[in-house]
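Pasting entry.cif here (mmCIF, C-alpha atoms and all ligand atoms):
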```
data_entry
#
loop_
_atom_site.label_atom_id
_atom_site.label_comp_id
_atom_site.auth_asym_id
_atom_site.auth_seq_id
_atom_site.Cartn_x
_atom_site.Cartn_y
_atom_site.Cartn_z
CA MET U 278 0.00 0.00 0.00
CA ASN U 279 1.39 3.41 -1.01
CA VAL U 280 1.13 6.28 1.42
CA LEU U 281 1.97 9.87 0.55
CA VAL U 282 3.49 11.81 3.44
CA LEU U 283 3.25 15.59 3.27
CA ASN U 284 4.86 18.34 5.29
CA CYS U 285 3.33 21.54 3.98
CA GLY U 286 4.92 24.87 4.83
CA SER U 287 3.68 28.30 3.88
CA SER U 288 5.64 28.30 0.60
CA SER U 289 6.81 24.70 0.34
CA ILE U 290 5.63 21.10 0.23
CA LYS U 291 7.98 18.31 1.31
CA TYR U 292 6.78 14.86 0.29
CA GLN U 293 7.66 11.20 0.43
CA LEU U 294 5.88 8.24 -1.11
CA LEU U 295 6.29 5.09 0.94
CA GLU U 296 5.26 1.56 0.12
CA MET U 297 4.00 0.27 3.44
CA GLY U 298 4.58 -3.47 3.11
CA SER U 299 6.04 -5.62 5.89
CA GLU U 300 9.34 -3.77 5.24
CA PRO U 301 8.37 -0.17 4.38
CA GLU U 302 10.18 1.21 1.34
CA LEU U 303 10.78 4.79 0.29
CA LYS U 304 9.77 5.05 -3.38
CA ALA U 305 10.22 8.77 -3.98
CA LYS U 306 10.82 12.01 -2.17
CA GLY U 307 10.99 15.65 -3.07
CA LEU U 308 10.26 19.24 -2.44
CA VAL U 309 8.16 21.96 -4.04
CA GLU U 310 9.41 25.42 -3.15
CA ARG U 311 8.60 29.06 -3.79
CA ILE U 312 4.84 28.52 -3.84
CA GLY U 313 3.12 31.84 -4.48
CA LEU U 314 6.23 33.52 -5.88
CA LYS U 315 6.78 34.27 -9.58
CA ILE U 316 8.52 31.01 -10.38
CA GLY U 317 8.23 27.93 -8.22
CA CYS U 318 10.26 24.76 -8.47
CA LEU U 319 10.08 21.05 -7.82
CA ALA U 320 12.97 18.72 -7.05
CA HIS U 321 12.10 15.02 -7.14
CA LYS U 322 14.12 11.85 -6.65
CA ASN U 323 12.91 8.28 -7.07
CA ASP U 324 14.07 4.92 -5.74
CA ARG U 325 16.06 4.32 -8.94
CA ASN U 326 18.12 7.37 -7.99
CA GLN U 327 16.73 9.36 -10.92
CA LYS U 328 16.45 13.06 -10.25
CA TYR U 329 13.99 15.41 -11.86
CA GLU U 330 13.83 19.16 -11.44
CA THR U 331 11.50 21.69 -12.98
CA GLU U 332 10.67 25.37 -12.67
CA THR U 333 7.14 26.53 -13.26
CA GLU U 334 4.50 28.81 -11.84
CA VAL U 335 3.10 27.38 -8.58
CA PRO U 336 0.54 29.96 -7.47
CA ASN U 337 -0.92 27.88 -4.64
CA HIS U 338 -0.76 24.58 -2.76
CA THR U 339 -3.28 22.84 -5.03
CA VAL U 340 -1.04 23.47 -8.04
CA GLY U 341 1.94 22.36 -5.93
CA ILE U 342 0.20 19.10 -5.01
CA LYS U 343 -0.72 18.52 -8.67
CA LEU U 344 2.95 18.96 -9.56
CA VAL U 345 3.92 16.35 -6.95
CA LEU U 346 1.33 13.89 -8.26
CA GLU U 347 2.52 14.42 -11.84
CA ALA U 348 6.08 13.69 -10.78
CA LEU U 349 4.97 10.52 -8.96
CA THR U 350 3.06 9.21 -11.99
CA ASP U 351 5.45 10.38 -14.73
CA LYS U 352 6.45 7.71 -17.27
CA ASP U 353 10.18 8.33 -16.79
CA HIS U 354 10.88 9.44 -13.26
CA GLY U 355 7.55 8.42 -11.70
CA VAL U 356 7.09 5.46 -9.36
CA ILE U 357 3.41 4.62 -9.74
CA GLU U 358 1.23 4.22 -12.81
CA SER U 359 -1.90 5.91 -11.56
CA LEU U 360 -3.09 8.01 -8.65
CA ASN U 361 -5.36 5.12 -7.61
CA GLU U 362 -2.23 3.53 -6.20
CA ILE U 363 -2.06 6.19 -3.44
CA LYS U 364 -4.20 4.72 -0.67
CA GLY U 365 -3.66 7.29 2.07
CA VAL U 366 -2.12 10.68 2.74
CA GLY U 367 -0.43 11.49 6.05
CA HIS U 368 0.11 15.12 7.03
CA ARG U 369 2.66 16.30 9.51
CA VAL U 370 0.88 18.87 11.67
CA ALA U 371 2.94 21.13 13.92
CA HIS U 372 0.32 21.90 16.56
CA GLY U 373 -2.68 20.00 17.84
CA GLY U 374 -3.06 22.10 21.00
CA GLU U 375 -4.95 20.25 23.73
CA TYR U 376 -7.32 18.63 21.24
CA PHE U 377 -5.27 15.74 19.96
CA THR U 378 -3.59 13.00 21.96
CA LYS U 379 -2.92 10.82 18.93
CA SER U 380 -3.04 10.78 15.13
CA VAL U 381 -6.53 11.13 13.65
CA LEU U 382 -8.48 10.71 10.44
CA ILE U 383 -9.08 14.14 8.96
CA ASN U 384 -12.72 15.28 8.80
CA ASP U 385 -14.50 18.62 9.19
CA ASP U 386 -14.30 18.53 12.98
CA VAL U 387 -10.54 17.84 12.89
CA ILE U 388 -10.02 20.64 10.36
CA SER U 389 -11.83 23.13 12.56
CA LYS U 390 -9.79 22.09 15.62
CA ILE U 391 -6.55 22.47 13.65
CA GLU U 392 -7.84 25.89 12.60
CA ASN U 393 -8.40 26.73 16.27
CA CYS U 394 -4.72 25.97 16.89
CA CYS U 395 -3.50 28.41 14.20
CA ASP U 396 -2.87 31.03 16.90
CA LEU U 397 -0.43 28.62 18.55
CA ALA U 398 1.48 27.83 15.32
CA PRO U 399 0.79 30.77 13.02
CA LEU U 400 3.46 29.86 10.47
CA HIS U 401 2.74 26.14 10.29
CA ASN U 402 -0.90 25.21 10.90
CA PRO U 403 -2.41 27.44 8.18
CA ALA U 404 0.00 25.89 5.68
CA HIS U 405 -0.93 22.34 6.76
CA LEU U 406 -4.59 23.22 6.23
CA LEU U 407 -3.83 24.43 2.70
CA GLY U 408 -2.20 21.06 2.02
CA MET U 409 -5.21 19.15 3.37
CA ARG U 410 -7.63 21.19 1.25
CA ALA U 411 -5.44 20.73 -1.82
CA ILE U 412 -5.50 16.94 -1.36
CA THR U 413 -9.29 17.05 -0.87
CA ASP U 414 -9.50 18.89 -4.22
CA VAL U 415 -7.26 16.54 -6.12
CA LEU U 416 -7.73 13.16 -4.38
CA PRO U 417 -11.18 13.50 -2.77
CA GLU U 418 -11.64 9.77 -2.11
CA VAL U 419 -8.30 9.19 -0.38
CA PRO U 420 -8.31 9.12 3.44
CA GLN U 421 -6.09 11.74 5.06
CA VAL U 422 -4.53 11.44 8.51
CA ALA U 423 -3.10 14.20 10.69
CA VAL U 424 -0.01 13.32 12.72
CA PHE U 425 0.84 15.96 15.30
CA ASP U 426 4.25 17.03 16.64
CA THR U 427 2.53 17.77 19.94
CA SER U 428 0.19 14.82 20.55
CA PHE U 429 2.68 12.41 22.16
CA HIS U 430 3.30 14.99 24.88
CA GLN U 431 -0.36 15.38 25.81
CA THR U 432 0.18 12.80 28.57
CA MET U 433 2.31 15.28 30.55
CA PRO U 434 0.88 16.00 34.00
CA ALA U 435 -0.20 19.58 34.73
CA SER U 436 2.77 19.98 37.09
CA SER U 437 5.04 19.61 34.01
CA TYR U 438 3.06 21.53 31.45
CA MET U 439 1.91 24.54 33.50
CA TYR U 440 4.05 27.68 33.58
CA PRO U 441 4.35 29.79 36.71
CA ILE U 442 2.11 32.55 35.37
CA PRO U 443 -1.41 33.57 36.46
CA TYR U 444 -3.66 30.56 35.94
CA SER U 445 -6.22 32.71 34.15
CA LEU U 446 -3.74 33.23 31.28
CA TYR U 447 -3.61 29.47 30.79
CA GLU U 448 -7.41 29.39 30.77
CA GLN U 449 -7.73 32.34 28.44
CA TYR U 450 -4.93 31.71 25.94
CA LYS U 451 -3.95 28.09 26.62
CA ILE U 452 -0.41 29.17 27.46
CA ARG U 453 1.35 26.01 28.66
CA ARG U 454 4.07 23.60 27.62
CA TYR U 455 3.07 21.58 24.55
CA GLY U 456 6.37 20.11 23.40
CA PHE U 457 7.32 19.15 19.85
CA HIS U 458 9.21 16.39 17.95
CA GLY U 459 6.66 14.00 19.49
CA THR U 460 6.71 11.56 16.56
CA SER U 461 10.48 11.29 16.79
CA HIS U 462 10.62 10.84 20.58
CA ARG U 463 7.97 8.13 20.48
CA PHE U 464 9.52 6.36 17.49
CA VAL U 465 13.11 6.18 18.77
CA ALA U 466 12.06 5.14 22.28
CA GLU U 467 9.89 2.31 20.92
CA LYS U 468 12.54 1.24 18.43
CA ALA U 469 15.24 1.13 21.12
CA CYS U 470 12.98 -0.97 23.36
CA ASP U 471 12.23 -3.34 20.45
CA ILE U 472 15.95 -3.82 19.86
CA LEU U 473 16.60 -4.43 23.56
CA GLY U 474 13.58 -6.75 23.87
CA TRP U 475 12.14 -4.43 26.53
CA ASN U 476 8.55 -3.48 27.21
CA PHE U 477 8.33 0.25 26.35
CA GLU U 478 5.51 0.61 28.86
CA GLU U 479 7.60 -0.46 31.84
CA LYS U 480 10.70 1.69 31.44
CA ASN U 481 12.05 5.13 32.25
CA ILE U 482 13.54 6.58 29.07
CA ILE U 483 15.19 9.89 28.21
CA THR U 484 15.17 10.65 24.48
CA CYS U 485 17.48 13.36 23.16
CA HIS U 486 16.48 14.58 19.69
CA LEU U 487 19.43 16.78 18.78
CA GLY U 488 19.15 18.30 15.30
CA ASN U 489 19.00 21.93 14.21
CA GLY U 490 15.99 22.07 16.46
CA ALA U 491 16.52 19.99 19.59
CA SER U 492 14.42 18.66 22.43
CA ILE U 493 14.68 16.16 25.24
CA THR U 494 11.81 14.09 26.62
CA ALA U 495 11.24 12.09 29.78
CA ILE U 496 9.16 9.00 29.00
CA LYS U 497 7.80 6.97 31.91
CA ASN U 498 5.90 3.74 31.28
CA GLY U 499 5.31 4.69 27.63
CA ASN U 500 4.08 8.24 28.37
CA SER U 501 5.81 11.56 27.84
CA ILE U 502 5.87 13.14 31.29
CA ASP U 503 8.04 16.15 30.51
CA THR U 504 9.77 17.64 27.50
CA SER U 505 12.15 20.52 27.01
CA MET U 506 10.37 22.47 24.26
CA GLY U 507 7.47 24.45 25.59
CA PHE U 508 4.72 26.75 24.40
CA THR U 509 6.93 27.26 21.36
CA PRO U 510 9.92 25.30 20.03
CA VAL U 511 12.27 27.98 21.43
CA GLU U 512 12.45 26.64 24.99
CA GLY U 513 14.80 23.93 26.20
CA VAL U 514 18.29 22.99 25.16
CA MET U 515 20.49 25.28 23.09
CA MET U 516 19.85 24.79 19.37
CA GLY U 517 21.37 25.73 16.03
CA THR U 518 19.85 29.21 15.94
CA ARG U 519 17.31 29.17 18.81
CA THR U 520 18.24 30.21 22.32
CA GLY U 521 16.73 27.38 24.30
CA ASP U 522 16.35 28.38 27.96
CA LEU U 523 17.13 32.04 28.58
CA ASP U 524 16.39 34.41 31.44
CA LEU U 525 13.30 36.33 30.34
CA GLY U 526 14.78 39.39 32.06
CA ALA U 527 17.80 39.17 29.75
CA LEU U 528 15.55 39.19 26.70
CA LEU U 529 13.67 42.26 27.94
CA PHE U 530 17.01 43.96 28.61
CA ILE U 531 18.29 43.14 25.09
CA MET U 532 15.03 44.36 23.54
CA GLU U 533 15.33 47.64 25.34
CA LYS U 534 19.02 48.20 24.60
CA GLU U 535 18.80 47.11 20.94
CA LYS U 536 15.42 48.78 20.41
CA MET U 537 13.81 45.57 19.19
CA SER U 538 10.13 45.27 18.37
CA ILE U 539 8.28 42.08 19.33
CA SER U 540 8.74 40.78 15.81
CA ASP U 541 12.49 41.65 15.90
CA ALA U 542 12.77 39.81 19.21
CA ASN U 543 10.92 36.80 17.82
CA SER U 544 13.29 36.60 14.90
CA PHE U 545 16.28 37.15 17.25
CA ILE U 546 15.46 34.27 19.63
CA ASN U 547 14.62 31.93 16.73
CA LYS U 548 17.26 32.78 14.15
CA LYS U 549 20.21 34.62 15.65
CA CYS U 550 21.01 32.76 18.86
CA GLY U 551 21.93 29.21 19.88
CA THR U 552 25.22 27.82 18.59
CA ALA U 553 25.15 30.32 15.69
CA GLY U 554 24.87 33.20 18.14
CA VAL U 555 27.55 32.12 20.59
CA SER U 556 30.05 31.07 17.94
CA GLU U 557 29.11 34.03 15.74
CA ASN U 558 30.13 31.73 12.96
CA SER U 559 27.96 28.69 12.30
CA SER U 560 24.85 26.89 13.49
CA ASP U 561 26.21 23.63 12.10
CA MET U 562 27.75 21.17 14.56
CA ARG U 563 30.24 19.88 11.97
CA ASP U 564 31.67 23.37 11.43
CA LEU U 565 31.91 23.98 15.17
CA GLN U 566 33.70 20.68 15.78
CA GLU U 567 36.14 21.45 13.00
CA ASP U 568 36.80 24.96 14.33
CA ALA U 569 37.26 23.63 17.87
CA GLU U 570 39.77 21.07 16.59
CA LYS U 571 41.69 23.87 14.90
CA GLY U 572 41.86 25.64 18.25
CA SER U 573 39.00 28.14 18.15
CA GLU U 574 38.22 29.03 21.77
CA ARG U 575 34.80 30.32 20.81
CA ALA U 576 33.88 27.09 19.07
CA LYS U 577 35.08 25.16 22.16
CA LEU U 578 32.93 27.33 24.41
CA THR U 579 29.92 26.76 22.14
CA LEU U 580 30.39 22.98 22.28
CA ASP U 581 30.90 23.06 26.06
CA MET U 582 27.72 25.09 26.54
CA TYR U 583 25.77 22.75 24.29
CA ALA U 584 26.89 19.62 26.15
CA HIS U 585 26.39 21.26 29.56
CA ARG U 586 22.82 22.21 28.76
CA VAL U 587 21.89 18.75 27.46
CA LYS U 588 23.50 17.13 30.54
CA LYS U 589 21.38 19.32 32.83
CA TYR U 590 18.18 18.11 31.18
CA ILE U 591 19.24 14.47 31.40
CA GLY U 592 19.99 14.92 35.10
CA SER U 593 16.73 16.68 35.82
CA TYR U 594 14.64 14.14 33.92
CA ALA U 595 16.36 11.27 35.72
CA ALA U 596 15.42 13.06 38.93
CA VAL U 597 11.75 13.55 38.06
CA MET U 598 11.40 9.91 36.94
CA ASN U 599 13.25 8.56 39.99
CA GLY U 600 15.92 7.05 37.73
CA VAL U 601 16.41 6.15 34.12
CA ASP U 602 16.82 2.81 32.30
CA LEU U 603 17.67 4.05 28.83
CA ILE U 604 19.01 7.19 27.17
CA VAL U 605 18.47 7.49 23.41
CA MET U 606 20.42 9.86 21.16
CA THR U 607 18.87 10.83 17.82
CA GLY U 608 18.58 13.68 15.27
CA GLY U 609 21.49 14.81 13.07
CA ILE U 610 23.76 15.50 16.05
CA GLY U 611 22.61 12.63 18.26
CA GLU U 612 22.98 10.13 15.42
CA ASN U 613 26.25 11.40 13.96
CA SER U 614 28.33 13.44 16.36
CA ASP U 615 30.51 11.05 18.33
CA VAL U 616 32.29 14.12 19.71
CA MET U 617 29.13 15.62 21.19
CA ARG U 618 27.83 12.27 22.48
CA LYS U 619 31.09 11.78 24.34
CA MET U 620 30.98 15.27 25.81
CA ILE U 621 27.43 14.72 27.05
CA LEU U 622 27.59 11.13 28.25
CA SER U 623 31.12 10.14 29.20
CA ASP U 624 30.96 11.64 32.66
CA MET U 625 27.69 10.27 33.98
CA ASN U 626 28.80 7.40 36.21
CA TYR U 627 26.84 8.86 39.12
CA LEU U 628 23.68 8.02 37.18
CA GLY U 629 24.81 4.50 36.28
CA VAL U 630 25.96 5.27 32.74
CA GLU U 631 29.11 3.37 31.71
CA PHE U 632 29.85 5.03 28.38
CA ASP U 633 31.63 2.86 25.78
CA ASP U 634 33.80 5.26 23.85
CA ALA U 635 35.23 2.54 21.59
CA LYS U 636 31.71 1.78 20.33
CA ASN U 637 30.85 5.48 20.14
CA THR U 638 33.86 6.60 18.10
CA ASP U 639 33.09 7.01 14.40
CA LEU U 640 29.57 5.65 14.85
CA ARG U 641 27.21 7.49 12.50
CA GLY U 642 23.64 6.93 11.39
CA GLU U 643 23.23 3.51 12.98
CA ASP U 644 21.05 1.90 15.61
CA ALA U 645 23.60 0.84 18.21
CA THR U 646 24.34 0.56 21.92
CA ILE U 647 27.09 2.86 23.15
CA SER U 648 27.06 1.90 26.82
CA LYS U 649 29.16 -0.95 28.21
CA PRO U 650 27.42 -4.32 28.73
CA ASN U 651 27.43 -3.88 32.54
CA SER U 652 26.09 -0.32 32.38
CA LYS U 653 23.05 0.05 34.64
CA VAL U 654 21.63 2.63 32.23
CA LYS U 655 21.68 1.64 28.56
CA VAL U 656 22.62 4.30 26.03
CA MET U 657 21.69 3.91 22.37
CA THR U 658 21.90 5.84 19.12
CA ILE U 659 18.74 5.37 17.07
CA THR U 660 18.09 6.83 13.62
CA THR U 661 14.84 8.71 13.59
CA ASP U 662 12.42 8.71 10.67
CA GLU U 663 9.50 11.05 11.18
CA GLU U 664 8.04 10.41 7.70
CA LEU U 665 7.95 6.69 8.38
CA VAL U 666 6.05 7.29 11.64
CA ILE U 667 3.56 9.46 9.76
CA ALA U 668 3.10 6.75 7.12
CA MET U 669 2.71 4.03 9.78
CA ASP U 670 0.14 6.10 11.67
CA THR U 671 -1.71 6.80 8.42
CA VAL U 672 -2.05 3.08 7.73
CA LYS U 673 -3.05 2.38 11.32
CA VAL U 674 -5.63 5.15 11.61
CA ALA U 675 -7.13 4.91 8.12
CA PHE U 676 -7.22 1.14 7.72
CA ARG U 677 -6.68 -0.71 10.98
CA ASN U 678 -9.02 1.07 13.41
P1 LIG I 701 16.88 19.29 11.35
O1 LIG I 701 16.44 19.68 12.73
O2 LIG I 701 17.00 20.46 10.42
O3 LIG I 701 16.14 18.10 10.78
P2 LIG I 701 19.12 17.45 11.52
O4 LIG I 701 18.44 16.46 12.41
O5 LIG I 701 19.40 17.06 10.11
O6 LIG I 701 18.40 18.85 11.54
O7 LIG I 701 20.51 17.84 12.23
C1 LIG I 701 21.36 18.80 11.71
C2 LIG I 701 22.57 18.90 12.61
O8 LIG I 701 23.25 17.63 12.61
C3 LIG I 701 23.57 19.93 12.16
O9 LIG I 701 24.05 20.69 13.25
C4 LIG I 701 24.71 19.07 11.60
O10 LIG I 701 25.94 19.70 11.75
C5 LIG I 701 24.63 17.87 12.51
N1 LIG I 701 25.37 16.75 11.91
C6 LIG I 701 25.06 16.03 10.81
N2 LIG I 701 26.06 15.14 10.53
C7 LIG I 701 27.02 15.31 11.48
C8 LIG I 701 28.29 14.72 11.77
N3 LIG I 701 28.79 13.77 10.99
N4 LIG I 701 28.98 15.16 12.84
C9 LIG I 701 28.49 16.15 13.61
N5 LIG I 701 27.31 16.74 13.41
C10 LIG I 701 26.57 16.34 12.37
#
```
Can you present the structure in this file as structure tokens?
Amino acid sequence: MNVLVLNCGSSSIKYQLLEMGSEPELKAKGLVERIGLKIGCLAHKNDRNQKYETETEVPNHTVGIKLVLEALTDKDHGVIESLNEIKGVGHRVAHGGEYFTKSVLINDDVISKIENCCDLAPLHNPAHLLGMRAITDVLPEVPQVAVFDTSFHQTMPASSYMYPIPYSLYEQYKIRRYGFHGTSHRFVAEKACDILGWNFEEKNIITCHLGNGASITAIKNGNSIDTSMGFTPVEGVMMGTRTGDLDLGALLFIMEKEKMSISDANSFINKKCGTAGVSENSSDMRDLQEDAEKGSERAKLTLDMYAHRVKKYIGSYAAVMNGVDLIVMTGGIGENSDVMRKMILSDMNYLGVEFDDAKNTDLRGEDATISKPNSKVKVMTITTDEELVIAMDTVKVAFRN
């Protein structure tokens, strides 16, 4: 069964077509960009490694979706003969607010709830809705499923998700911790437990999704009970360009001194800070590691800060769960940076982590254990695959419920 996975942004559509047999296979992936501008473009790649690129006018998401479907069914670079072969469409949805605790079949009620969450994700949710409407236009008979970044974290207790602000503001505006990267945290924790032969629902797990955006989650007995991203994806650990945790007073001070408007400040905390801000050079972990190796003190400081901040979350989540059985590292940095993994994990004996540096060194993009066999706490690297989770949920929700 073929499932189309869509991640619609305001001017882009990322897509993957997956064949969801007993071993799911990626058949094609690509990206439509510059929707609504004068000239849009599509870049497509199929499972025969053929690439296809085109530039054309893409005035809206419906035209963008049509372009994707043409690429998928093209005689040369396509991967299916007819659109009838697409049995379901899964949409990544950034924000489900307090409405959604799991993935759902899209209907009018779901659409209106996603609309109600537009305030909470003003850049993302409206774009996802455009994608859903475009699919309804073009493939009206095909079931669509919404998979939310936030839903896995809806199990958090109020003591984790409430902020210390007047309660009435929570009631009025729903200001609280939501958390993001939920599909990834759930997927890597379950996959690690499968590999270890453990029951996911009986363990304390800390998942560290460290990519350009980064978040850490405490999972107890299969439920997210705390996560580092909050009301927005700015809170938590230090990221490529986002601050992560920052004294609110410092932000107000900077806004005053630098005469920033609210929109300036929003762009500042999202785009100018994090590792890019401290290093004043790069948001990319590879660049920073290279610079640090060449002796750059600033790059070294940036790496030290990054590791320190992740360590603090691991320690605090172990504390709130009364111990941890498994720590999972994922995302571009978690999966590939042996340097950063060592900085974060090699000095955690107090917690019961016996880090195996021989296994860690040069390990990239693999599912592997990087703690010693006698380590009380297991540490694993697990490759995440958010599109696969979306496709799996689409099959489950649309066909197996
Ligand atoms: P996104 O959040 O955009 O999906 P990724 O999960 O792809 O990001 O992670 C991107 C980060 O992973 C970048 O900081 C990049 O430098 C880092 N990364 C990728 N490969 C390596 C590597 N071999 N060593 C160190 N860092 C890496």
Report as CSV: every residue of chain U with an atom at most 6 Å from ligand LIG 701 (chain I), its closest pair of atoms, and their distance in Å to one decimal, counting all atoms listed in the file, with rows sorted by chain and ascending residue number.
```
residue,atom,partner,partner_atom,distance
U:Gly488,CA,I:LIG701,O7,3.4
U:Asn489,CA,I:LIG701,O1,3.7
U:Gly490,CA,I:LIG701,O1,4.5
U:Asp561,CA,I:LIG701,O9,3.8
U:Met562,CA,I:LIG701,O10,3.7
U:Arg563,CA,I:LIG701,O10,4.3
U:Gly608,CA,I:LIG701,O4,4.0
U:Gly609,CA,I:LIG701,O7,3.3
U:Ile610,CA,I:LIG701,O8,4.1
U:Asn613,CA,I:LIG701,C8,4.5
U:Ser614,CA,I:LIG701,C9,3.9
```
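Of the listed residues U:Glu467, U:Glu574, U:Asp662, U:Asp670, the one whose atoms come nearest to Val605 (chain U) is U:Glu467, with distances taken using all atoms listed in the file.
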Given the choices U:Asp634, U:Glu612, U:Asp624, U:Asp568, which gets closest to Lys588 (chain U) if the distance is worked out from only C-alpha atoms? U:Asp624
Pick from U:Val616, U:Met515, U:Leu319, U:Lys649: nearest to Glu631 (chain U), with all atoms listed in the file counted?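 Closest residue, counting all atoms listed in the file: U:Lys649.
Our summary of the geometry notes that CA of Val335 (chain U) is positioned 7.4 Å from CA of Leu314 (chain U).
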Can you complete the atoms of region 411-417 of chain U to all heavy atoms and list them as a short mmCIF file (atom, residue, chain, number, x, y, z; two decimals), in the frame of the given file?
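This went into result19.cif:
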```
data_model
loop_
_atom_site.label_atom_id
_atom_site.label_comp_id
_atom_site.auth_asym_id
_atom_site.auth_seq_id
_atom_site.Cartn_x
_atom_site.Cartn_y
_atom_site.Cartn_z
N ALA U 411 -5.92 21.03 -0.47
CA ALA U 411 -5.44 20.73 -1.82
C ALA U 411 -5.63 19.24 -2.12
O ALA U 411 -6.06 18.87 -3.21
CB ALA U 411 -3.97 21.13 -1.95
N ILE U 412 -5.32 18.38 -1.15
CA ILE U 412 -5.50 16.94 -1.36
C ILE U 412 -7.00 16.63 -1.53
O ILE U 412 -7.38 15.83 -2.40
CB ILE U 412 -4.91 16.12 -0.19
CG1 ILE U 412 -3.37 16.19 -0.21
CG2 ILE U 412 -5.37 14.66 -0.24
CD1 ILE U 412 -2.71 15.42 -1.34
N THR U 413 -7.84 17.27 -0.73
CA THR U 413 -9.29 17.05 -0.87
C THR U 413 -9.75 17.42 -2.28
O THR U 413 -10.57 16.74 -2.88
CB THR U 413 -10.06 17.89 0.17
OG1 THR U 413 -9.51 17.59 1.44
CG2 THR U 413 -11.55 17.56 0.18
N ASP U 414 -9.16 18.50 -2.84
CA ASP U 414 -9.50 18.89 -4.22
C ASP U 414 -9.09 17.84 -5.23
O ASP U 414 -9.82 17.53 -6.15
CB ASP U 414 -8.72 20.18 -4.61
CG ASP U 414 -9.39 21.42 -4.06
OD1 ASP U 414 -10.49 21.29 -3.51
OD2 ASP U 414 -8.78 22.51 -4.19
N VAL U 415 -7.87 17.34 -5.06
CA VAL U 415 -7.26 16.54 -6.12
C VAL U 415 -7.52 15.04 -5.93
O VAL U 415 -7.68 14.30 -6.89
CB VAL U 415 -5.73 16.83 -6.18
CG1 VAL U 415 -5.09 16.10 -7.34
CG2 VAL U 415 -5.48 18.31 -6.31
N LEU U 416 -7.51 14.58 -4.68
CA LEU U 416 -7.73 13.16 -4.38
C LEU U 416 -8.88 13.03 -3.36
O LEU U 416 -8.66 12.60 -2.23
CB LEU U 416 -6.45 12.52 -3.80
CG LEU U 416 -5.17 12.53 -4.63
CD1 LEU U 416 -4.00 12.04 -3.80
CD2 LEU U 416 -5.34 11.63 -5.86
N PRO U 417 -10.10 13.39 -3.77
CA PRO U 417 -11.18 13.50 -2.77
C PRO U 417 -11.52 12.18 -2.07
O PRO U 417 -12.03 12.20 -0.96
CB PRO U 417 -12.37 14.01 -3.60
CG PRO U 417 -12.02 13.78 -5.01
CD PRO U 417 -10.54 13.75 -5.12
#
```
